[in-house]
Amino acid sequence: MPDSASASPAAPPLTEAHPRQSEFSFEVGTRLTGPDGEPTLGRTGTITTPHGTIQTPAFIAVGTKATVKAVLPESIRDLGAQAVLANAYHLYLQPGPDILDEAGGLGKFMNWAGPTFTDSGGFQVMSLGSGFKKVIDMTGPGAPEQAGADDAVAPGKERLAHIDDDGVWFKSYLNGDKHRFTPEISMQVQHQIGADIMFAFDELTTLHNSRRYQEEALERTRLWAQRCVAEHFRLTDEREGKPYQALFGVIQGAQYEDLRRKACRDLGEMPFDGFGIGGALEKENLGTIVGWCSEMLPEDKPRHLLGISEPDDIFVAIEAGADTFDCVSPTRVARNSAFYTAEGRLNLSGAKYRRDWGPLQEGCDCYTCANYSRAYIRHLYKASEMLSHTLISIHNERFVVRMVDDARRAIEDGTFHEFKAETLGRYYSAANV
């Protein structure tokens, strides 16, 4: 395990790149043009890592604990996923980053040969630490009693995380043990986990936090970013025989344009390999906020949008300049028998599927649709058989991966806007209600 102590470096912020950063690259491909034929923020591209390339835009499958829930890594490969994202917080607690390091890194540990990502653990430290479990309420400060609630805790829950300028103390959600995360420790953990792309440690805020607190958290995240870069470069030198790991800075600032742009300026001057766009995002403002960031961030570095998978959000994000994105939703909804189709998201629990011998989606090329009927998978779900989770998850992951792949090809051949209109028109048609 990493040392629990840390020291804030007194040296000035690093602005020069590390020599080994040349082992990671991003090349812009085709520009998305608007209806007027003028270039927009959207683009295709190629991310090159030590374990392979990622053609962007790309959906990154989430394997939180070194597994995409209920799905074999071989199945994730066969359905077309280009990379997998794991969670540093969860892997730190179990089995421990030293185990993954000894195994040869995340990819070898889970038998995944392609590129890998890890997030910093910041989201889980903050969200689980305030009792909100998997998500923090992102519905905005519409309720007057919640606006400006800087110390909000989920009803009936104990605050498990306490933030200071040096880092975060938190209790394990597994057994209550007390742990410390700092920028340095997050870098040490992620270097041991060994993913190709990792994220700087940041402070997650919500839309309920006050403007004053958003400013404080943004400055804390800026200073933590400097420390992450310094520790990342130190560990890169120390672990010379390991493949180079790219480090992405995380852009916060909630719904405030000036704070988002400030974060982009501040972190854009640091020698990051790419950037994550995170924090609180109201759905209706997603494209606007991602667009602010895309306008400000260095053009030659990839942008990852954390935590989206709904079709309308994906198209908005692509148009606004996001290159990659991830979400647990495809497998999470699968465990409740929900499956994606071109005509919308449906649920197998309905009685009408009891004698439905067709596949989850006519014409789908996934393993599940080639071999199993809705009736059979519904039976598995009703009988509480875990195989239903696997079969629906394979289909859902393939659905999202294929949609993003098709969007990338549509940018390349100049038909993106027609493809978007057709896809979203079918998915959100009134007939699906």
# chains A, B, ... in the order shown; residues from 1 in each chain; ligands from 1

$ residues_around --residues "Gln245 of chain A" --least-positions-apart "6" --cutoff "9 Å" --atoms "only C-alpha atoms" --output "list in words"
Gln21, Glu23, Phe24, Thr49, Pro50, His191, Gly194, Ala195, Asp196, Ile197, Met198, His232 and Thr236 of chain A

$ select_by_dssp --residues "segment 181-273 of chain A" --states "alpha helix (DSSP H)" --output "VMD selection string"
chain A and resid 183 to 193 211 to 238 257 to 268

$ closest_atom_pairs --of "segment 226-321 of chain A" --to "segment 402-412 of chain A" --cutoff "10 Å" --atoms "only C-alpha atoms" --output "CSV"
residue,atom,partner,partner_atom,distance
A:Ser309,CA,A:Val404,CA,9.9
A:Pro311,CA,A:Met403,CA,8.2
A:Ile314,CA,A:Val404,CA,7.9
A:Phe315,CA,A:Ala407,CA,8.1
A:Ile318,CA,A:Ala407,CA,8.6
A:Glu319,CA,A:Ile411,CA,9.9

$ closest_atom_pairs --of "segment 278-319 of chain A" --to "segment 115-121 of chain A" --cutoff "12 Å" --atoms "only C-alpha atoms" --output "CSV"
residue,atom,partner,partner_atom,distance
A:Gly278,CA,A:Asp119,CA,10.8
A:His304,CA,A:Phe117,CA,10.6
A:Leu305,CA,A:Asp119,CA,11.6
A:Leu306,CA,A:Asp119,CA,9.1
A:Gly307,CA,A:Asp119,CA,11.0

$ write_last_selection --atoms "N, CA, C and O atoms" --output "PDB file, in the first residue's frame"
ATOM      1  N   GLY A 278     -15.485  16.742 -15.696  1.00  0.00           N
ATOM      2  CA  GLY A 278     -16.237  16.069 -14.644  1.00  0.00           C
ATOM      3  C   GLY A 278     -17.117  17.009 -13.875  1.00  0.00           C
ATOM      4  O   GLY A 278     -17.398  18.131 -14.303  1.00  0.00           O
ATOM      5  N   HIS A 304     -12.039  13.577 -22.192  1.00  0.00           N
ATOM      6  CA  HIS A 304     -12.900  12.485 -21.737  1.00  0.00           C
ATOM      7  C   HIS A 304     -14.017  13.052 -20.879  1.00  0.00           C
ATOM      8  O   HIS A 304     -13.757  13.756 -19.899  1.00  0.00           O
ATOM      9  N   LEU A 305     -15.261  12.731 -21.238  1.00  0.00           N
ATOM     10  CA  LEU A 305     -16.412  13.171 -20.452  1.00  0.00           C
ATOM     11  C   LEU A 305     -16.823  12.042 -19.530  1.00  0.00           C
ATOM     12  O   LEU A 305     -17.146  10.946 -19.978  1.00  0.00           O
ATOM     13  N   LEU A 306     -16.806  12.313 -18.246  1.00  0.00           N
ATOM     14  CA  LEU A 306     -17.006  11.279 -17.238  1.00  0.00           C
ATOM     15  C   LEU A 306     -18.490  11.035 -16.962  1.00  0.00           C
ATOM     16  O   LEU A 306     -19.215  11.959 -16.587  1.00  0.00           O
ATOM     17  N   GLY A 307     -18.959   9.801 -17.213  1.00  0.00           N
ATOM     18  CA  GLY A 307     -20.242   9.362 -16.704  1.00  0.00           C
ATOM     19  C   GLY A 307     -21.479   9.634 -17.525  1.00  0.00           C
ATOM     20  O   GLY A 307     -22.511   9.993 -16.959  1.00  0.00           O
TER      21      GLY A 307
END

$ closest_residue --among "A:Gly350, A:Pro330, A:Gly321, A:Pro298" --to "Thr33 of chain A" --atoms "only C-alpha atoms"
A:Gly321

$ select_by_dssp --residues "segment 252-336 of chain A" --states "strand (DSSP E)" --output "list in words"
Gly274, Phe275, Gly276, Ile277, Arg303, His304, Leu305, Leu306, Thr324, Phe325, Asp326 and Cys327 of chain A

$ atom_distance --atom1 "atom CA of Gln82 of chain A" --atom2 "atom CA of Leu346 of chain A"
26.2 Å
